[in-house]
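A.B. asks: This is the structure I want to talk about, given as structure tokens.
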There are 2 protein chains.
Amino acid sequence: MMEIFFKPKSIAVIGASGTPGKLGYVIVKNISDSDFSGEIYPVNPKSDEILGYKVYRSLNQIPGEVDLVVTALPTPKLTVSTLEECAKKGVRAVIIESAGFAEVGGEGKLFQEQIVDIATKNNIRVMGPNCSGIVSRDIVTSIYPMTRKVPNGNVVLIGQSGLLAAGMASDIVENESLSINKICSIGNKCDVNENDLLEYFGAQKDVDVISMYLENVADGKNLTKIARKVATRKPVIFLNGGRTEAGAKAAMSHTGSIAGNSRIVETAIRQTGMIKADDFTELKDFAKVFSTQPLPKGNRIAVITLAGSVGVVVSDLCAEYGLELPKLTPETTDSLKELFDTPVANPVDLYFSVTKIGFTKTLETTFPDAFKDPNIDAAVLILAGFEYTREAVQKKIIQRIVKEVGKPVVVCMIVGYNRFKNVIMDELGKELPVFPSLISGVKALSKLCEYGIRHHKNALKGR
Amino acid sequence: MMEIFFKPKSIAVIGASGTPGKLGYVIVKNISDSDFSGEIYPVNPKSDEILGYKVYRSLNQIPGEVDLVVTALPTPKLTVSTLEECAKKGVRAVIIESAGFAEVGGEGKLFQEQIVDIATKNNIRVMGPNCSGIVSRDIVTSIYPMTRKVPNGNVVLIGQSGLLAAGMASDIVENESLSINKICSIGNKCDVNENDLLEYFGAQKDVDVISMYLENVADGKNLTKIARKVATRKPVIFLNGGRTEAGAKAAMSHTGSIAGNSRIVETAIRQTGMIKADDFTELKDFAKVFSTQPLPKGNRIAVITLAGSVGVVVSDLCAEYGLELPKLTPETTDSLKELFDTPVANPVDLYFSVTKIGFTKTLETTFPDAFKDPNIDAAVLILAGFEYTREAVQKKIIQRIVKEVGKPVVVCMIVGYNRFKNVIMDELGKELPVFPSLISGVKALSKLCEYGIRHHKNALKGR
């Protein structure tokens, strides 16, 4: 029953504050600024009104039912007593944002055990403690002020790190770099964990991609079982924090994660067909590729370049990441040969075509001709930060062609002036996956192909 | 005698043009805009004046001596006859920028052979053909208009790709992303090749780092011999284009490079202690790290972070790239313990310190204390794109501390708003190596440590 967290009819914020900047203020403001249309009940023993909402002295004074409680209280003790009040009120879901629980050990651990105890006995689901909760179109419980509404996107991020999930959330939403559906920060996960969310989002039709950052797993066996099922339906990208001894040591002091199950996780990733990311950039980059591009049926790549040398290096990288550069069909090479000073090959070097018919025309003829070739499953398109590239981006020429051809593409930016490069990265980057280096683009595409090939095989088996 | 290319007293441009936009115009303009203080002789049978310079009908009508000739002529045949004139005039160095030689095969190959023949008989050194020549403070022969003067930096780039060397050159110089000394585009290298330049720049005191992109090597044995000597004195970074079968095939159609010697090159890189880059971003990134940071004596890294999870992932990456995260000394942990809510460890999590004493104060106390620790050789500093980070960058706080501590650092940007991120990347990036991902930063630092350790060992042996 995760639904109640994401689609409650009423929310109470315990520890709400009328002082801008305070966490209890930001949370109310974020919920208020979201599309949440239910009842908002700020709870504070000393205030009467916060952001126009009537404030209640305590949870039990709220007249109606409360579906979800969000707490941002100064001490674990207060949180425990709040949970007892939740039980009395019949609340079914609680997000505990405060820290000071299991992650600090000692007494904090005992407080967390009390919370689990109350929750279990009273059938309450708890997200956290030590988390930022949810960032979505409908609800934002994050402690970072949001400057923009979350799009009704198709990507879910699940993170075990409060600060990062919060910082990353505002980053991604503000910069529109990913089409986010929801971001969940699950902290110490004393109850709600990755398995609950993976199962829930695995079944949600509007979610196409799930990206997770975890420093430990609650239940490896169950994860393997659920992930195997979900990963055949949609890509699950996994960044395993603490996968080395050094990382596990750091994770222990960060979230109190017990070292030693990282090997289980690495095995689970391999066996279930999840996609392994190595850092946060990859976690986001891979999600971008998977959420914007169709799945290829194979790994036969056309490399489209303006500079021969870049074509050479991309060819090397493709080979190193398991991608193939097939020959184009005679039909394609014949149709293109007038626009080439050397025999038409793959990498497809657009340089001569650009000098002959200009960049825009080249994009409209030479590029799609090569890209459509039946020998080709996907393309790496190299762009440079020049004035004419900016024009093509702003006139949506590249975006339109990629859509028309209907095959996956990754764009790599190489050289060029920053003043154009940034515009291109950002503007084009809102629709297509654009990478600042060849390595990152080719690696991301290799993940897409790997998953696409497996997906296609499974589909054939399923017939 | 490479000196004549870089410090000629007089330059003639054959094929000079008075029409803005034409290659023969851009070359004269670029030389004119550089700090070149010798004589400039444009040669064109039909013009009288170009950009204020007296134009000569032919090379032999130039009254004085000509040290260096730059040609941008429409046909290989004209280039050959120009070379004959050069011989008569006693010119000792020629840069041939035009294409249409060995790289197109057939007749072009024969023209190139004629050039080599004339050059050898008359003791002329030739750079090119099919190249962009030199980009430096004193001379710019590139066909890309330069918008800014080349700094008197300490990095040399040598590239076999005309377009890229030219595009990359204007990119780097305009964006001030690398402290360039010279960029050389050597094209078909019918005479002057990487070995000549490696030997020359290896001996130049103002050059600290040499980065090379090559699609083949002229003489592998000689390269190994020279590189072994140079690489003990200064870092040589090598991007080997065509290191896989697919890449070699692409290189063949690009520069007519003969496939098959790429294995020799890979062996040479390993044996000589050159630093291997995998794409152009790494070629530049590694150069940035080596040219701005001191060499560490070991691989013991402090990870300085604002988010625990980022510390975890950097720890993983450090382990995967052969770097160690030692404990800090008791002196350091004692002096810092009041600024930490958990025991002071490595990764050093500044979060609590920032909430307690603010970001700037944390940068001025907590960060340098950990960085100075005698157990630490180098640091990975994680920054986020926030307002306070921008302030610290613009007040040069980070730059000053890094300088004072005197140990190498790489900065990785993680999360944060683009409007700050770009400022930080660009402004801080002018002085320190700043990376957009954890992987790229850690990888670059691992290369620095690897070289530093070897360098230190050699220095001890040399005693």
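Just so we're on the same page: first chain in the structure tokens is A, next is B, and so on; residues restart at 1 for each chain, and ligands are numbered from 1 in the order they show up.
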Pull out every residue of chain B that has at least one atom within 7 Å of chain A, counting only C-alpha atoms, and report them as a PyMOL selection string.
C.D. replies: chain B and resi 161+163-164+167-168+171+175+241-244+246-247+250-251+254+279+281+307-309+311-313+315-316+319+347+415-418+437-439
A.B. asks: Find the residues around range 22-27 of chain A up to 12 Å (only C-alpha atoms counted), leave out those fewer than 6 positions away in its own chain, and share them as a CSV table (one decimal) with N, CA and C atoms, in the first residue's frame.
C.D. replies:
```
chain,number,residue,atom,x,y,z
A,11,ILE,N,-2.9,15.8,4.3
A,11,ILE,CA,-1.5,15.7,4.9
A,11,ILE,C,-1.4,16.6,6.1
A,12,ALA,N,-0.9,16.1,7.2
A,12,ALA,CA,-0.6,16.9,8.3
A,12,ALA,C,1.0,17.0,8.4
A,13,VAL,N,1.4,18.3,8.7
A,13,VAL,CA,2.9,18.5,8.8
A,13,VAL,C,3.1,18.8,10.3
A,14,ILE,N,3.7,17.9,11.0
A,14,ILE,CA,4.0,18.1,12.4
A,14,ILE,C,5.4,18.8,12.6
A,15,GLY,N,5.4,19.9,13.3
A,15,GLY,CA,6.6,20.7,13.3
A,15,GLY,C,6.6,21.7,12.3
A,16,ALA,N,5.4,22.0,11.8
A,16,ALA,CA,5.3,23.1,10.8
A,16,ALA,C,5.7,24.4,11.4
A,33,ASP,N,2.9,24.6,-2.8
A,33,ASP,CA,3.3,25.0,-4.2
A,33,ASP,C,3.1,23.8,-5.2
A,34,SER,N,3.0,22.6,-4.7
A,34,SER,CA,2.8,21.5,-5.6
A,34,SER,C,1.3,21.4,-6.0
A,40,ILE,N,-4.4,20.4,3.7
A,40,ILE,CA,-3.1,20.5,4.3
A,40,ILE,C,-3.3,21.0,5.8
A,41,TYR,N,-2.8,20.3,6.7
A,41,TYR,CA,-3.0,20.6,8.1
A,41,TYR,C,-1.6,20.9,8.8
A,42,PRO,N,-1.2,22.1,8.9
A,42,PRO,CA,0.1,22.3,9.6
A,42,PRO,C,-0.2,22.1,11.1
A,43,VAL,N,0.7,21.5,11.9
A,43,VAL,CA,0.5,21.3,13.3
A,43,VAL,C,1.7,22.0,14.0
A,44,ASN,N,1.3,22.9,15.0
A,44,ASN,CA,2.3,23.6,15.7
A,44,ASN,C,1.6,24.1,17.0
A,47,SER,N,1.3,28.3,16.8
A,47,SER,CA,0.9,29.2,15.7
A,47,SER,C,-0.6,29.1,15.4
A,49,GLU,N,-1.7,30.5,12.1
A,49,GLU,CA,-1.8,30.4,10.7
A,49,GLU,C,-0.4,30.3,10.1
A,50,ILE,N,-0.3,29.4,9.1
A,50,ILE,CA,1.0,29.3,8.4
A,50,ILE,C,0.7,29.3,6.9
A,51,LEU,N,1.2,30.3,6.2
A,51,LEU,CA,1.0,30.3,4.7
A,51,LEU,C,-0.5,30.3,4.4
A,53,TYR,N,-2.8,28.6,5.9
A,53,TYR,CA,-3.5,27.4,6.4
A,53,TYR,C,-3.8,27.6,7.9
A,69,VAL,N,1.2,11.7,7.4
A,69,VAL,CA,1.8,12.7,8.3
A,69,VAL,C,3.3,12.9,7.9
A,70,VAL,N,3.7,14.1,7.9
A,70,VAL,CA,5.1,14.4,7.6
A,70,VAL,C,5.6,15.1,8.9
A,71,THR,N,6.7,14.5,9.4
A,71,THR,CA,7.3,15.1,10.7
A,71,THR,C,8.6,15.7,10.4
A,72,ALA,N,8.9,16.9,11.0
A,72,ALA,CA,10.2,17.5,11.0
A,72,ALA,C,10.4,18.0,12.4
A,73,LEU,N,10.7,17.2,13.4
A,73,LEU,CA,10.7,17.5,14.8
A,73,LEU,C,12.2,17.6,15.3
A,74,PRO,N,12.5,18.4,16.3
A,74,PRO,CA,13.9,18.6,16.7
A,74,PRO,C,14.4,17.4,17.5
A,95,ILE,N,5.9,10.1,7.0
A,95,ILE,CA,7.3,10.3,6.6
A,95,ILE,C,8.0,11.0,7.7
A,97,GLU,N,11.3,12.9,8.6
A,97,GLU,CA,12.4,13.5,8.0
A,97,GLU,C,13.6,13.8,9.0
A,98,SER,N,13.3,13.9,10.2
A,98,SER,CA,14.3,14.2,11.2
A,98,SER,C,15.4,13.1,11.2
A,132,SER,N,14.3,12.7,3.0
A,132,SER,CA,13.6,13.9,2.5
A,132,SER,C,12.2,13.6,1.9
A,133,GLY,N,11.9,12.3,1.9
A,133,GLY,CA,10.5,12.0,1.5
A,133,GLY,C,10.4,12.0,0.0
A,134,ILE,N,9.4,12.8,-0.4
A,134,ILE,CA,8.9,12.7,-1.8
A,134,ILE,C,9.0,14.0,-2.6
A,135,VAL,N,9.4,13.9,-3.8
A,135,VAL,CA,9.4,15.1,-4.7
A,135,VAL,C,8.6,14.6,-5.9
A,139,ILE,N,3.1,16.1,-4.7
A,139,ILE,CA,3.5,16.3,-3.3
A,139,ILE,C,5.0,16.5,-3.3
A,140,VAL,N,5.5,17.6,-2.6
A,140,VAL,CA,6.9,17.8,-2.4
A,140,VAL,C,7.1,17.9,-0.9
A,141,THR,N,7.8,16.9,-0.3
A,141,THR,CA,8.0,17.0,1.2
A,141,THR,C,9.5,17.3,1.4
A,142,SER,N,10.3,17.5,0.3
A,142,SER,CA,11.7,17.8,0.5
A,142,SER,C,11.9,19.1,1.2
A,143,ILE,N,13.1,19.1,1.9
A,143,ILE,CA,13.4,20.3,2.7
A,143,ILE,C,14.2,21.4,1.9
A,144,TYR,N,14.3,21.1,0.6
A,144,TYR,CA,14.9,22.1,-0.3
A,144,TYR,C,13.7,22.9,-1.0
A,145,PRO,N,13.8,24.2,-1.0
A,145,PRO,CA,12.7,24.9,-1.7
A,145,PRO,C,12.7,24.6,-3.1
A,146,MET,N,11.6,24.3,-3.7
A,146,MET,CA,11.5,24.0,-5.1
A,146,MET,C,11.2,25.3,-5.9
A,147,THR,N,11.9,25.5,-7.0
A,147,THR,CA,11.7,26.7,-7.7
A,147,THR,C,10.8,26.5,-9.0
A,166,ALA,N,17.7,15.4,-2.0
A,166,ALA,CA,17.1,16.7,-1.9
A,166,ALA,C,17.8,17.7,-2.9
```
A.B. asks: Going by DSSP on the backbone, which residues of range 249-300 of chain B come out as helix (DSSP H, G or I)? List them as a ChimeraX atom specification.
C.D. replies: /B:249-255,262-272,280-292
A.B. asks: Write the residues you've just listed into a file as an mmCIF file, in the first residue's frame, and include N, CA and C atoms for each of them.
C.D. replies:
```cif
data_model
loop_
_atom_site.group_PDB
_atom_site.id
_atom_site.type_symbol
_atom_site.label_atom_id
_atom_site.label_comp_id
_atom_site.auth_asym_id
_atom_site.auth_seq_id
_atom_site.Cartn_x
_atom_site.Cartn_y
_atom_site.Cartn_z
ATOM 1 N N LYS B 249 40.225 0.931 -38.789
ATOM 2 C CA LYS B 249 39.543 1.007 -40.085
ATOM 3 C C LYS B 249 39.097 2.447 -40.360
ATOM 4 N N ALA B 250 38.546 3.078 -39.339
ATOM 5 C CA ALA B 250 38.106 4.470 -39.492
ATOM 6 C C ALA B 250 39.297 5.390 -39.750
ATOM 7 N N ALA B 251 40.402 5.120 -39.084
ATOM 8 C CA ALA B 251 41.602 5.945 -39.252
ATOM 9 C C ALA B 251 42.135 5.826 -40.668
ATOM 10 N N MET B 252 42.030 4.621 -41.209
ATOM 11 C CA MET B 252 42.504 4.400 -42.576
ATOM 12 C C MET B 252 41.789 5.316 -43.536
ATOM 13 N N SER B 253 40.466 5.398 -43.393
ATOM 14 C CA SER B 253 39.734 6.243 -44.339
ATOM 15 C C SER B 253 39.862 7.719 -43.962
ATOM 16 N N HIS B 254 40.300 8.009 -42.766
ATOM 17 C CA HIS B 254 40.436 9.405 -42.361
ATOM 18 C C HIS B 254 41.768 10.005 -42.785
ATOM 19 N N THR B 255 42.861 9.442 -42.302
ATOM 20 C CA THR B 255 44.160 10.027 -42.651
ATOM 21 C C THR B 255 45.001 9.070 -43.484
ATOM 22 N N SER B 262 48.942 -0.148 -34.204
ATOM 23 C CA SER B 262 48.345 0.379 -32.980
ATOM 24 C C SER B 262 48.759 -0.435 -31.767
ATOM 25 N N ARG B 263 49.023 -1.721 -31.975
ATOM 26 C CA ARG B 263 49.470 -2.528 -30.845
ATOM 27 C C ARG B 263 50.859 -2.071 -30.388
ATOM 28 N N ILE B 264 51.688 -1.732 -31.367
ATOM 29 C CA ILE B 264 53.021 -1.204 -31.036
ATOM 30 C C ILE B 264 52.877 0.052 -30.176
ATOM 31 N N VAL B 265 51.908 0.890 -30.565
ATOM 32 C CA VAL B 265 51.725 2.146 -29.845
ATOM 33 C C VAL B 265 51.269 1.885 -28.415
ATOM 34 N N GLU B 266 50.293 0.985 -28.258
ATOM 35 C CA GLU B 266 49.816 0.672 -26.915
ATOM 36 C C GLU B 266 50.962 0.154 -26.035
ATOM 37 N N THR B 267 51.803 -0.687 -26.621
ATOM 38 C CA THR B 267 52.963 -1.191 -25.871
ATOM 39 C C THR B 267 53.905 -0.044 -25.525
ATOM 40 N N ALA B 268 54.121 0.831 -26.496
ATOM 41 C CA ALA B 268 55.026 1.967 -26.262
ATOM 42 C C ALA B 268 54.501 2.844 -25.123
ATOM 43 N N ILE B 269 53.180 3.061 -25.096
ATOM 44 C CA ILE B 269 52.597 3.894 -24.032
ATOM 45 C C ILE B 269 52.907 3.268 -22.671
ATOM 46 N N ARG B 270 52.647 1.974 -22.576
ATOM 47 C CA ARG B 270 52.884 1.281 -21.302
ATOM 48 C C ARG B 270 54.355 1.312 -20.900
ATOM 49 N N GLN B 271 55.211 0.970 -21.845
ATOM 50 C CA GLN B 271 56.633 0.794 -21.507
ATOM 51 C C GLN B 271 57.350 2.096 -21.198
ATOM 52 N N THR B 272 56.902 3.169 -21.813
ATOM 53 C CA THR B 272 57.650 4.411 -21.660
ATOM 54 C C THR B 272 57.134 5.266 -20.513
ATOM 55 N N PHE B 280 39.076 12.631 -26.292
ATOM 56 C CA PHE B 280 39.631 13.985 -26.343
ATOM 57 C C PHE B 280 39.414 14.747 -25.033
ATOM 58 N N THR B 281 38.297 14.448 -24.380
ATOM 59 C CA THR B 281 38.037 15.093 -23.091
ATOM 60 C C THR B 281 39.133 14.706 -22.096
ATOM 61 N N GLU B 282 39.486 13.444 -22.076
ATOM 62 C CA GLU B 282 40.556 13.014 -21.179
ATOM 63 C C GLU B 282 41.894 13.628 -21.580
ATOM 64 N N LEU B 283 42.122 13.731 -22.891
ATOM 65 C CA LEU B 283 43.375 14.334 -23.359
ATOM 66 C C LEU B 283 43.534 15.740 -22.775
ATOM 67 N N LYS B 284 42.430 16.474 -22.762
ATOM 68 C CA LYS B 284 42.460 17.833 -22.209
ATOM 69 C C LYS B 284 42.433 17.808 -20.678
ATOM 70 N N ASP B 285 41.569 16.968 -20.129
ATOM 71 C CA ASP B 285 41.420 16.902 -18.664
ATOM 72 C C ASP B 285 42.722 16.519 -17.973
ATOM 73 N N PHE B 286 43.363 15.484 -18.484
ATOM 74 C CA PHE B 286 44.605 15.049 -17.860
ATOM 75 C C PHE B 286 45.648 16.166 -17.963
ATOM 76 N N ALA B 287 45.689 16.826 -19.114
ATOM 77 C CA ALA B 287 46.629 17.940 -19.288
ATOM 78 C C ALA B 287 46.339 19.029 -18.264
ATOM 79 N N LYS B 288 45.068 19.263 -18.014
ATOM 80 C CA LYS B 288 44.684 20.281 -17.033
ATOM 81 C C LYS B 288 45.222 19.918 -15.645
ATOM 82 N N VAL B 289 45.009 18.688 -15.242
ATOM 83 C CA VAL B 289 45.461 18.242 -13.917
ATOM 84 C C VAL B 289 46.987 18.338 -13.819
ATOM 85 N N PHE B 290 47.672 17.817 -14.814
ATOM 86 C CA PHE B 290 49.134 17.794 -14.760
ATOM 87 C C PHE B 290 49.734 19.198 -14.852
ATOM 88 N N SER B 291 49.063 20.094 -15.564
ATOM 89 C CA SER B 291 49.658 21.418 -15.770
ATOM 90 C C SER B 291 49.351 22.388 -14.637
ATOM 91 N N THR B 292 48.363 22.057 -13.796
ATOM 92 C CA THR B 292 48.005 22.994 -12.717
ATOM 93 C C THR B 292 48.330 22.458 -11.330
#
```
A.B. asks: Contacts of Ala99 in chain B at 9 Å or less, counting only C-alpha atoms, minus same-chain residues fewer than 4 places along, as JSON, numbers by chain?
C.D. replies: {"B": [74, 75, 76, 103, 104, 108, 128, 129, 130, 131, 187]}
A.B. asks: Please indicate the distance in Å from CA of Lys395 in chain A to CA of Arg148 in chain A, rounded to one decimal place.
C.D. replies: 25.1 Å
A.B. asks: Using the chain letters and numbers from this document, which residues of range 343-428 of chain B does DSSP assign to strand (DSSP E or B), as a PDB file with C-alpha atoms, in the first residue's frame?
C.D. replies:
```
ATOM      1  CA  VAL B 348      35.718  14.102   5.448  1.00  0.00           C
ATOM      2  CA  ASP B 349      32.054  15.078   5.570  1.00  0.00           C
ATOM      3  CA  ALA B 378      46.121  14.648  -2.528  1.00  0.00           C
ATOM      4  CA  ALA B 379      42.440  15.491  -2.269  1.00  0.00           C
ATOM      5  CA  VAL B 380      39.170  15.119  -4.113  1.00  0.00           C
ATOM      6  CA  LEU B 381      37.065  18.147  -3.257  1.00  0.00           C
ATOM      7  CA  ILE B 382      33.327  17.887  -3.919  1.00  0.00           C
ATOM      8  CA  LEU B 383      31.507  21.146  -4.589  1.00  0.00           C
ATOM      9  CA  ALA B 384      27.839  21.803  -5.247  1.00  0.00           C
ATOM     10  CA  GLY B 385      26.380  24.492  -7.487  1.00  0.00           C
ATOM     11  CA  VAL B 409      43.472  18.560  -5.741  1.00  0.00           C
ATOM     12  CA  VAL B 410      40.752  17.734  -8.207  1.00  0.00           C
ATOM     13  CA  VAL B 411      37.345  19.320  -7.829  1.00  0.00           C
ATOM     14  CA  CYS B 412      34.173  17.442  -8.746  1.00  0.00           C
ATOM     15  CA  MET B 413      30.881  19.275  -9.211  1.00  0.00           C
ATOM     16  CA  ILE B 414      27.845  17.442  -7.971  1.00  0.00           C
ATOM     17  CA  VAL B 415      24.241  18.639  -8.046  1.00  0.00           C
ATOM     18  CA  GLY B 416      23.287  22.266  -7.777  1.00  0.00           C
TER      19      GLY B 416
END
```
A.B. asks: Grab the CA of Glu39 in chain B to CA of Ala87 in chain B distance for me, in Å with one decimal place.
C.D. replies: 19.4 Å
A.B. asks: Write out as a list in words which residues come within 10 Å of Ile376 in chain A when counting only C-alpha atoms, dropping same-chain ones fewer than 5 positions away.
C.D. replies: Pro296, Lys297, Gly298, Asn299, Arg300, Ile301, Ala302, Val303, Glu324, Leu325, Pro326, Lys327, Leu328, Thr329, Ala370, Phe371 and Lys407 of chain A
A.B. asks: Can you write just those residues out, N, CA and C atoms, as a compact mmCIF listing (two decimals), in the first residue's frame?
C.D. replies:
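File produced: part34.txt:
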```
# COMPACT_ATOMS: atom_id res chain seq x y z
N PRO A 296 16.77 -0.08 -28.93
CA PRO A 296 17.26 -0.68 -30.18
C PRO A 296 17.16 -2.20 -30.10
N LYS A 297 17.09 -2.83 -31.27
CA LYS A 297 17.02 -4.29 -31.29
C LYS A 297 18.41 -4.92 -31.37
N GLY A 298 19.38 -4.09 -31.68
CA GLY A 298 20.73 -4.61 -31.80
C GLY A 298 21.75 -3.57 -31.40
N ASN A 299 23.02 -3.87 -31.67
CA ASN A 299 24.09 -2.97 -31.25
C ASN A 299 24.88 -2.41 -32.44
N ARG A 300 24.19 -2.30 -33.59
CA ARG A 300 24.88 -1.82 -34.80
C ARG A 300 24.73 -0.31 -34.91
N ILE A 301 25.86 0.37 -34.74
CA ILE A 301 25.85 1.82 -34.55
C ILE A 301 26.35 2.55 -35.80
N ALA A 302 25.66 3.65 -36.14
CA ALA A 302 26.23 4.59 -37.11
C ALA A 302 26.84 5.75 -36.33
N VAL A 303 28.07 6.07 -36.66
CA VAL A 303 28.73 7.21 -36.02
C VAL A 303 28.69 8.37 -37.00
N GLU A 324 28.97 -2.37 -32.37
CA GLU A 324 29.54 -2.64 -33.70
C GLU A 324 29.28 -1.50 -34.67
N LEU A 325 30.21 -1.29 -35.60
CA LEU A 325 30.02 -0.31 -36.66
C LEU A 325 29.91 -1.05 -37.98
N PRO A 326 28.70 -1.39 -38.40
CA PRO A 326 28.55 -2.15 -39.64
C PRO A 326 28.73 -1.25 -40.86
N LYS A 327 28.91 -1.87 -42.01
CA LYS A 327 28.87 -1.12 -43.27
C LYS A 327 27.44 -0.66 -43.54
N LEU A 328 27.30 0.45 -44.21
CA LEU A 328 25.97 0.87 -44.65
C LEU A 328 25.61 0.06 -45.90
N THR A 329 24.32 -0.04 -46.20
CA THR A 329 23.91 -0.79 -47.39
C THR A 329 24.31 -0.04 -48.66
N ALA A 370 21.77 8.14 -43.63
CA ALA A 370 22.65 7.15 -43.00
C ALA A 370 21.98 6.50 -41.79
N PHE A 371 21.25 7.32 -41.06
CA PHE A 371 20.63 6.86 -39.82
C PHE A 371 19.52 5.84 -40.11
N LYS A 407 14.83 5.93 -34.36
CA LYS A 407 15.84 5.06 -33.74
C LYS A 407 16.53 5.84 -32.62
```
A.B. asks: From the list A:Leu445, A:Leu198, A:Val80, A:Val28, which residue is nearest Val55 in chain A when using only C-alpha atoms?
C.D. replies: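 So, comparing all the options, the nearest one is A:Val28.
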A.B. asks: In Å, with one decimal, what is the gap from CA of Asp196 in chain A to CA of Lys77 in chain A?
C.D. replies: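 Taking CA of Asp196 in chain A as the start and CA of Lys77 in chain A as the end point, the length is 26.9 Å.
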A.B. asks: Identify, on the basis of only C-alpha atoms, every residue whose closest approach to Phe238 in chain A does not exceed 6 Å; exclude the query and any residue fewer than 3 positions from it along the same chain; express the result as a list in words.
C.D. replies: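 Selected residues are Ser211, Met212, Ile275, Lys276 and Ala277 of chain A.
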A.B. asks: Residues near Gly90 in chain B, anyone? I mean within 10 Å using only C-alpha atoms, not counting same-chain ones fewer than 2 positions away, as a list in words.
C.D. replies: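 Once the nearby chain positions are removed, what remains is Asn60, Glu65, Val66, Asp67, Glu84, Glu85, Cys86, Ala87, Lys88, Arg92, Ala93, Asn122, Asn123 and Ile124 of chain B.
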